[in-house]
file work25.txt (compact mmCIF, C-alpha atoms)
# COMPACT_ATOMS: atom_id res chain seq x y z
CA MET A 1 -11.48 -35.42 232.81
CA THR A 2 -12.28 -38.28 235.16
CA ASP A 3 -15.37 -38.49 237.32
CA SER A 4 -13.26 -38.02 240.46
CA SER A 5 -11.72 -34.84 239.04
CA ILE A 6 -15.15 -33.45 238.21
CA GLU A 7 -16.37 -34.28 241.71
CA ALA A 8 -13.37 -32.56 243.30
CA LEU A 9 -13.94 -29.48 241.11
CA ASN A 10 -17.63 -29.35 242.09
CA GLN A 11 -16.71 -29.48 245.77
CA LYS A 12 -14.29 -26.60 245.36
CA LEU A 13 -16.94 -24.58 243.50
CA ASP A 14 -19.46 -25.27 246.26
CA ARG A 15 -17.01 -24.04 248.91
CA LEU A 16 -16.25 -20.95 246.84
CA ILE A 17 -19.96 -20.14 246.43
CA GLU A 18 -20.49 -20.62 250.16
CA ALA A 19 -17.58 -18.30 251.00
CA VAL A 20 -18.84 -15.59 248.62
CA SER A 21 -22.34 -15.90 250.09
CA ARG A 22 -20.98 -15.23 253.57
CA LEU A 23 -19.31 -12.04 252.32
CA ALA A 24 -22.51 -10.70 250.79
CA PRO A 25 -24.63 -8.43 253.03
CA PRO A 26 -27.79 -9.99 254.44
CA PRO A 27 -31.03 -9.08 252.64
CA VAL A 28 -32.82 -6.01 253.95
CA PRO A 29 -35.88 -7.07 255.99
CA GLN A 30 -39.16 -6.03 254.41
CA THR A 31 -40.98 -3.24 256.24
CA ASP A 32 -44.63 -4.00 257.02
CA ILE A 33 -46.01 -0.68 258.26
CA GLY A 34 -49.32 -2.29 259.11
CA ALA A 35 -47.66 -4.76 261.47
CA ALA A 36 -47.60 -2.48 264.54
CA ASP A 37 -48.36 1.00 265.85
CA CYS A 38 -44.77 1.70 266.92
CA PHE A 39 -41.46 1.17 265.16
CA VAL A 40 -37.76 1.87 265.56
CA TRP A 41 -35.90 3.10 262.51
CA GLN A 42 -32.89 0.91 261.81
CA ALA A 43 -30.84 3.16 259.55
CA ASP A 44 -28.51 0.36 258.53
CA PRO A 45 -29.72 -1.47 256.48
CA GLY A 46 -32.77 0.83 256.33
CA TYR A 47 -36.04 -0.64 257.59
CA LEU A 48 -38.63 -0.14 260.31
CA GLU A 49 -38.45 -2.66 263.16
CA PRO A 50 -41.87 -3.23 264.81
CA VAL A 51 -42.11 -2.72 268.57
CA ARG A 52 -44.58 -5.21 269.98
CA ARG A 53 -44.42 -4.01 273.59
CA VAL A 54 -44.03 -0.26 274.03
CA ASN A 55 -42.44 1.08 277.21
CA ARG A 56 -44.93 3.75 278.29
CA VAL A 57 -47.15 4.87 281.15
CA ASP A 58 -50.77 5.91 281.24
CA ILE A 59 -51.22 9.59 280.46
CA GLY A 60 -53.15 10.06 283.73
CA LEU A 61 -49.99 9.25 285.70
CA ILE A 62 -47.99 12.12 284.16
CA ARG A 63 -48.52 14.96 286.64
CA GLY A 64 -47.38 18.55 286.93
CA VAL A 65 -47.41 19.25 283.18
CA ASP A 66 -51.13 19.70 282.56
CA ARG A 67 -50.87 22.73 280.25
CA VAL A 68 -48.21 21.32 277.93
CA ARG A 69 -50.00 17.95 277.96
CA ASP A 70 -53.19 19.55 276.68
CA ILE A 71 -51.31 21.47 273.97
CA LEU A 72 -49.54 18.33 272.78
CA VAL A 73 -52.77 16.31 272.75
CA ASP A 74 -54.54 19.01 270.72
CA ASN A 75 -51.70 19.28 268.19
CA THR A 76 -51.51 15.49 267.80
CA GLU A 77 -55.27 15.11 267.42
CA ARG A 78 -55.31 17.68 264.63
CA PHE A 79 -52.48 15.93 262.85
CA ALA A 80 -54.11 12.49 263.21
CA GLY A 81 -57.33 13.95 261.78
CA GLY A 82 -55.58 15.20 258.67
CA TYR A 83 -55.46 18.87 259.68
CA PRO A 84 -52.42 21.20 259.86
CA ALA A 85 -50.20 20.72 262.90
CA ASN A 86 -46.73 21.76 264.05
CA ASN A 87 -43.46 19.99 264.74
CA VAL A 88 -42.93 19.98 268.51
CA LEU A 89 -39.85 20.46 270.68
CA LEU A 90 -40.33 19.34 274.27
CA TRP A 91 -37.48 20.87 276.23
CA GLY A 92 -36.52 21.51 279.83
CA ALA A 93 -35.81 19.81 283.12
CA ARG A 94 -34.69 16.20 283.00
CA GLY A 95 -36.97 13.49 284.31
CA MET A 96 -40.19 15.50 283.97
CA GLY A 97 -41.87 13.14 281.52
CA LYS A 98 -41.06 14.61 278.10
CA SER A 99 -40.59 11.31 276.26
CA SER A 100 -43.21 9.56 278.39
CA LEU A 101 -45.75 12.20 277.39
CA VAL A 102 -45.11 11.71 273.66
CA LYS A 103 -45.67 7.95 273.94
CA ALA A 104 -48.70 8.38 276.20
CA VAL A 105 -50.33 10.92 273.87
CA HIS A 106 -49.79 8.61 270.90
CA ALA A 107 -51.54 5.77 272.76
CA GLN A 108 -54.42 8.02 273.80
CA ILE A 109 -55.02 9.33 270.28
CA ASN A 110 -55.11 5.80 268.86
CA ALA A 111 -57.51 4.72 271.61
CA ARG A 112 -59.86 7.56 270.66
CA THR A 113 -59.75 7.26 266.89
CA LYS A 114 -62.46 5.38 265.03
CA SER A 115 -60.46 5.05 261.83
CA ASP A 116 -58.64 1.93 260.70
CA LEU A 117 -55.67 4.14 259.76
CA THR A 118 -54.00 4.33 263.15
CA LEU A 119 -51.37 6.92 263.93
CA LYS A 120 -47.87 5.43 263.82
CA LEU A 121 -45.01 6.36 266.15
CA ILE A 122 -41.48 5.90 264.79
CA GLU A 123 -38.42 6.43 266.97
CA ILE A 124 -35.27 7.60 265.24
CA HIS A 125 -32.01 7.56 267.17
CA ARG A 126 -30.02 10.74 267.57
CA GLU A 127 -27.04 9.32 265.67
CA ASP A 128 -29.26 8.48 262.67
CA ILE A 129 -30.61 12.00 262.12
CA ASP A 130 -28.66 12.34 258.89
CA THR A 131 -30.76 9.46 257.44
CA LEU A 132 -34.00 11.36 258.06
CA PRO A 133 -34.53 12.20 254.35
CA LYS A 134 -34.27 8.50 253.50
CA LEU A 135 -36.85 7.63 256.16
CA MET A 136 -39.24 10.35 255.01
CA GLY A 137 -38.94 9.07 251.45
CA LEU A 138 -40.03 5.65 252.69
CA LEU A 139 -43.04 7.06 254.55
CA LYS A 140 -44.47 9.66 252.20
CA ALA A 141 -46.35 7.17 250.03
CA ALA A 142 -47.72 5.10 252.92
CA PRO A 143 -51.45 5.36 253.75
CA PHE A 144 -50.79 6.27 257.38
CA ARG A 145 -49.81 9.33 259.39
CA PHE A 146 -46.53 9.22 261.30
CA ILE A 147 -44.96 10.87 264.32
CA LEU A 148 -41.19 10.76 263.99
CA PHE A 149 -39.81 10.88 267.51
CA CYS A 150 -36.23 11.58 268.57
CA ASP A 151 -35.51 11.40 272.30
CA ASP A 152 -32.76 13.51 273.87
CA LEU A 153 -31.93 15.40 270.69
CA SER A 154 -28.90 17.68 270.92
CA PHE A 155 -25.76 18.51 268.94
CA ASP A 156 -22.13 18.93 269.93
CA HIS A 157 -19.52 21.43 268.84
CA ASP A 158 -18.29 19.66 265.71
CA ASP A 159 -21.59 18.03 264.76
CA THR A 160 -23.02 19.22 261.44
CA SER A 161 -25.88 16.71 261.17
CA TYR A 162 -28.24 19.40 262.49
CA LYS A 163 -28.19 20.80 258.94
CA SER A 164 -29.79 17.59 257.67
CA LEU A 165 -32.54 17.97 260.25
CA LYS A 166 -33.17 21.59 259.28
CA ALA A 167 -33.55 20.69 255.62
CA ALA A 168 -35.74 17.67 256.33
CA LEU A 169 -38.14 19.55 258.62
CA GLU A 170 -38.93 22.66 256.63
CA GLY A 171 -36.24 23.24 254.02
CA GLY A 172 -35.36 21.70 250.69
CA VAL A 173 -37.39 21.57 247.51
CA GLU A 174 -39.71 18.78 248.61
CA GLY A 175 -40.07 19.69 252.28
CA ARG A 176 -41.66 17.54 254.97
CA PRO A 177 -44.32 15.06 253.71
CA ALA A 178 -47.86 15.98 254.72
CA ASN A 179 -48.31 12.67 256.54
CA VAL A 180 -45.22 13.12 258.75
CA ILE A 181 -44.64 15.26 261.83
CA PHE A 182 -41.53 15.48 263.99
CA TYR A 183 -41.47 15.46 267.81
CA ALA A 184 -38.21 15.78 269.73
CA THR A 185 -37.21 16.03 273.38
CA SER A 186 -34.15 17.84 274.66
CA ASN A 187 -32.75 19.41 277.80
CA ARG A 188 -31.70 22.37 275.64
CA ARG A 189 -34.13 24.84 274.13
CA HIS A 190 -31.83 25.58 271.18
CA LEU A 191 -30.46 22.00 270.91
CA LEU A 192 -26.88 23.32 270.96
CA PRO A 193 -24.51 23.91 273.91
CA ARG A 194 -24.54 27.49 275.21
CA ASP A 195 -20.75 27.71 275.01
CA MET A 196 -20.97 26.70 271.36
CA ILE A 197 -23.31 29.62 270.68
CA ASP A 198 -21.11 31.99 272.71
CA ASN A 199 -18.03 30.83 270.83
CA GLU A 200 -19.71 31.52 267.49
CA ARG A 201 -20.61 34.97 268.72
CA SER A 202 -17.05 35.81 269.78
CA THR A 203 -15.06 34.34 266.87
CA ALA A 204 -17.20 34.76 263.76
CA ILE A 205 -16.63 37.54 261.24
CA ASN A 206 -20.31 38.35 261.45
CA PRO A 207 -21.34 37.17 264.94
CA SER A 208 -25.08 37.72 264.59
CA GLU A 209 -25.29 35.70 261.37
CA ALA A 210 -23.28 32.83 262.85
CA VAL A 211 -25.50 32.62 265.91
CA GLU A 212 -28.68 32.85 263.85
CA GLU A 213 -27.50 29.97 261.66
CA LYS A 214 -26.98 27.80 264.75
CA VAL A 215 -30.17 28.56 266.67
CA SER A 216 -32.45 28.59 263.63
CA LEU A 217 -32.81 24.82 263.98
CA SER A 218 -35.19 25.22 266.90
CA ASP A 219 -37.26 27.62 264.79
CA ARG A 220 -38.26 24.63 262.66
CA PHE A 221 -40.40 23.52 265.61
CA GLY A 222 -43.66 25.45 265.63
CA LEU A 223 -44.37 24.46 269.23
CA TRP A 224 -41.87 24.78 272.08
CA LEU A 225 -43.23 23.06 275.18
CA GLY A 226 -41.24 23.82 278.33
CA PHE A 227 -40.90 21.39 281.23
CA HIS A 228 -39.75 22.83 284.53
CA LYS A 229 -38.74 21.40 287.87
CA CYS A 230 -41.68 20.33 289.97
CA SER A 231 -42.62 21.55 293.41
CA GLN A 232 -42.70 19.35 296.49
CA ASP A 233 -46.49 19.09 296.32
CA GLU A 234 -46.37 18.07 292.65
CA TYR A 235 -43.70 15.47 293.43
CA LEU A 236 -45.80 13.96 296.23
CA ASP A 237 -48.87 14.02 293.95
CA MET A 238 -46.94 11.99 291.37
CA ILE A 239 -46.07 9.39 293.99
CA ASP A 240 -49.66 9.23 295.25
CA GLY A 241 -50.80 8.59 291.69
CA TYR A 242 -48.29 5.77 291.19
CA VAL A 243 -49.12 4.19 294.55
CA ARG A 244 -52.87 4.16 293.83
CA HIS A 245 -52.40 2.93 290.27
CA HIS A 246 -50.26 -0.02 291.36
CA GLY A 247 -52.34 -0.86 294.43
CA LEU A 248 -49.57 -0.34 296.99
CA VAL A 249 -50.83 -0.13 300.58
CA VAL A 250 -48.74 2.09 302.86
CA ASP A 251 -49.42 4.54 305.69
CA PRO A 252 -49.79 8.07 304.20
CA GLU A 253 -47.46 9.70 306.73
CA GLN A 254 -44.84 7.01 306.24
CA LEU A 255 -45.18 7.36 302.47
CA ARG A 256 -44.69 11.13 302.64
CA ALA A 257 -41.65 10.89 304.91
CA GLU A 258 -39.95 8.19 302.81
CA ALA A 259 -40.72 9.99 299.55
CA LEU A 260 -39.19 13.25 300.80
CA GLU A 261 -36.14 11.42 302.12
CA TRP A 262 -35.72 9.71 298.74
CA ALA A 263 -35.84 13.05 296.91
CA THR A 264 -33.33 14.55 299.35
CA THR A 265 -30.84 11.75 298.81
CA ARG A 266 -31.22 12.14 295.04
CA GLY A 267 -30.87 15.91 295.22
CA SER A 268 -33.86 16.51 292.94
CA ARG A 269 -37.60 16.13 292.52
CA SER A 270 -39.04 14.93 289.21
CA GLY A 271 -41.36 12.38 287.67
CA ARG A 272 -38.42 10.05 287.13
CA VAL A 273 -37.39 10.28 290.79
CA ALA A 274 -41.01 9.62 291.83
CA TRP A 275 -41.12 6.52 289.62
CA GLN A 276 -37.80 5.23 290.98
CA PHE A 277 -39.10 5.65 294.53
CA THR A 278 -42.27 3.75 293.57
CA GLN A 279 -40.24 0.85 292.21
CA ASP A 280 -38.18 0.75 295.41
CA LEU A 281 -41.32 0.88 297.54
CA ALA A 282 -43.01 -1.94 295.61
CA GLY A 283 -39.89 -4.05 295.95
CA ARG A 284 -39.73 -3.54 299.70
CA LEU A 285 -43.43 -4.39 300.02
CA GLY A 286 -42.98 -7.47 297.86
CA LYS A 287 -45.64 -6.30 295.41
CA PRO A 288 -45.49 -6.52 291.59
CA LEU A 289 -46.15 -3.43 289.50
CA ARG A 290 -49.01 -3.40 287.02
CA ASP A 291 -48.21 -3.47 283.29
call {"tool": "encode", "arguments": {"input": "work25.txt", "output": "structure tokens"}}
result
Amino acid sequence: MTDSSIEALNQKLDRLIEAVSRLAPPPVPQTDIGAADCFVWQADPGYLEPVRRVNRVDIGLIRGVDRVRDILVDNTERFAGGYPANNVLLWGARGMGKSSLVKAVHAQINARTKSDLTLKLIEIHREDIDTLPKLMGLLKAAPFRFILFCDDLSFDHDDTSYKSLKAALEGGVEGRPANVIFYATSNRRHLLPRDMIDNERSTAINPSEAVEEKVSLSDRFGLWLGFHKCSQDEYLDMIDGYVRHHGLVVDPEQLRAEALEWATTRGSRSGRVAWQFTQDLAGRLGKPLRD
């Protein structure tokens, strides 16, 4: 074989190796749990992505939910200290600060703790719930304590992934690792559509058993914290808190009138509506909002 033939063969082999390399899946990034306090679970390929800048508000700005705030803080403090604590379902009216409260409580607990082993917050997306056992297997040997957080958790008619969640939370042979707790927010107390429950009741051979099997998921949460629509006074108090926190200067009577008009045009009063009004107000005043 001539030198030119060998060279041509080598070039073909190089191109073949390059083509095969492109077909191979990229290597799974290594998870460094000590790299951050907050992570997002990337189910495919299966690693924890650090979140350097967490989208959250100061716990003092979350108004109108004082009782459930105190319960959640107490439960989280006990868990962070190594004591027994419950999984938590935060359910109820939209825009009343359910997910904001979870993130704010996590920040407050870490600010208070004197230990080097900070509490970690890991967000898992609703569509990745069936990978929860895999995630728990990754966390159980880690020298940290973890809040697994799923925002806007709910299940549709033909969705069976709720069974994976049931088993991961309290069922199965191994059960939930001692260093993991699960917090979820939902607009539904039982995480399933009411018409789905009613349909099970009307069509099943044994209606009561069918309904029990569906709603037993929420029983895996030891704490149910309800969030309800706020009053006008609570709504205005939220806006006052935001305005003071961000240093916005506006006439109190003008602020009240514009805030009520904003809520009327939106057809609701909530913490989210109060925050949206504050952003609009700051924009009109030409003022930046504090981080």
call {"tool": "residues_around", "arguments": {"input": "work25.txt", "residues": "segment 142-152 of chain A", "least_positions_apart": "5", "cutoff": "8 Å", "atoms": "all atoms listed in the file", "output": "list of chain:residue names"}}
result
A:Phe79, A:Ala80, A:Ser99, A:Leu117, A:Thr118, A:Leu119, A:Lys120, A:Leu121, A:Ile122, A:Glu123, A:Ile124, A:His125, A:Arg126, A:Asn179, A:Val180, A:Ile181, A:Phe182, A:Tyr183, A:Ala184, A:Thr185, A:Ser186, A:Asn187
call {"tool": "atom_distance", "arguments": {"input": "work25.txt", "atom1": "atom CA of Asp32 of chain A", "atom2": "atom CA of Arg52 of chain A"}}
result
13.0 Å
call {"tool": "closest_residue", "arguments": {"input": "work25.txt", "among": "A:Asp291, A:Val243, A:Leu101, A:Arg67", "to": "Arg53 of chain A", "atoms": "all atoms listed in the file"}}
result
A:Asp291
call {"tool": "atom_distance", "arguments": {"input": "work25.txt", "atom1": "atom CA of Pro50 of chain A", "atom2": "atom CA of Gln30 of chain A"}}
result
11.1 Å
call {"tool": "closest_residue", "arguments": {"input": "work25.txt", "among": "A:Val51, A:Val102, A:Ala274, A:His245", "to": "Ala259 of chain A", "atoms": "only C-alpha atoms"}}
result
A:Ala274
call {"tool": "atom_distance", "arguments": {"input": "work25.txt", "atom1": "atom CA of Tyr235 of chain A", "atom2": "atom CA of Leu191 of chain A"}}
result
26.9 Å
call {"tool": "residues_around", "arguments": {"input": "work25.txt", "residues": "Leu48 of chain A", "least_positions_apart": "2", "cutoff": "6 Å", "atoms": "all atoms listed in the file", "output": "PDB file with C-alpha atoms, in the frame of the given file"}}
result
ATOM      1  CA  THR A  31     -40.980  -3.240 256.240  1.00  0.00           C
ATOM      2  CA  PHE A  39     -41.460   1.170 265.160  1.00  0.00           C
ATOM      3  CA  VAL A  40     -37.760   1.870 265.560  1.00  0.00           C
ATOM      4  CA  TRP A  41     -35.900   3.100 262.510  1.00  0.00           C
TER       5      TRP A  41
END
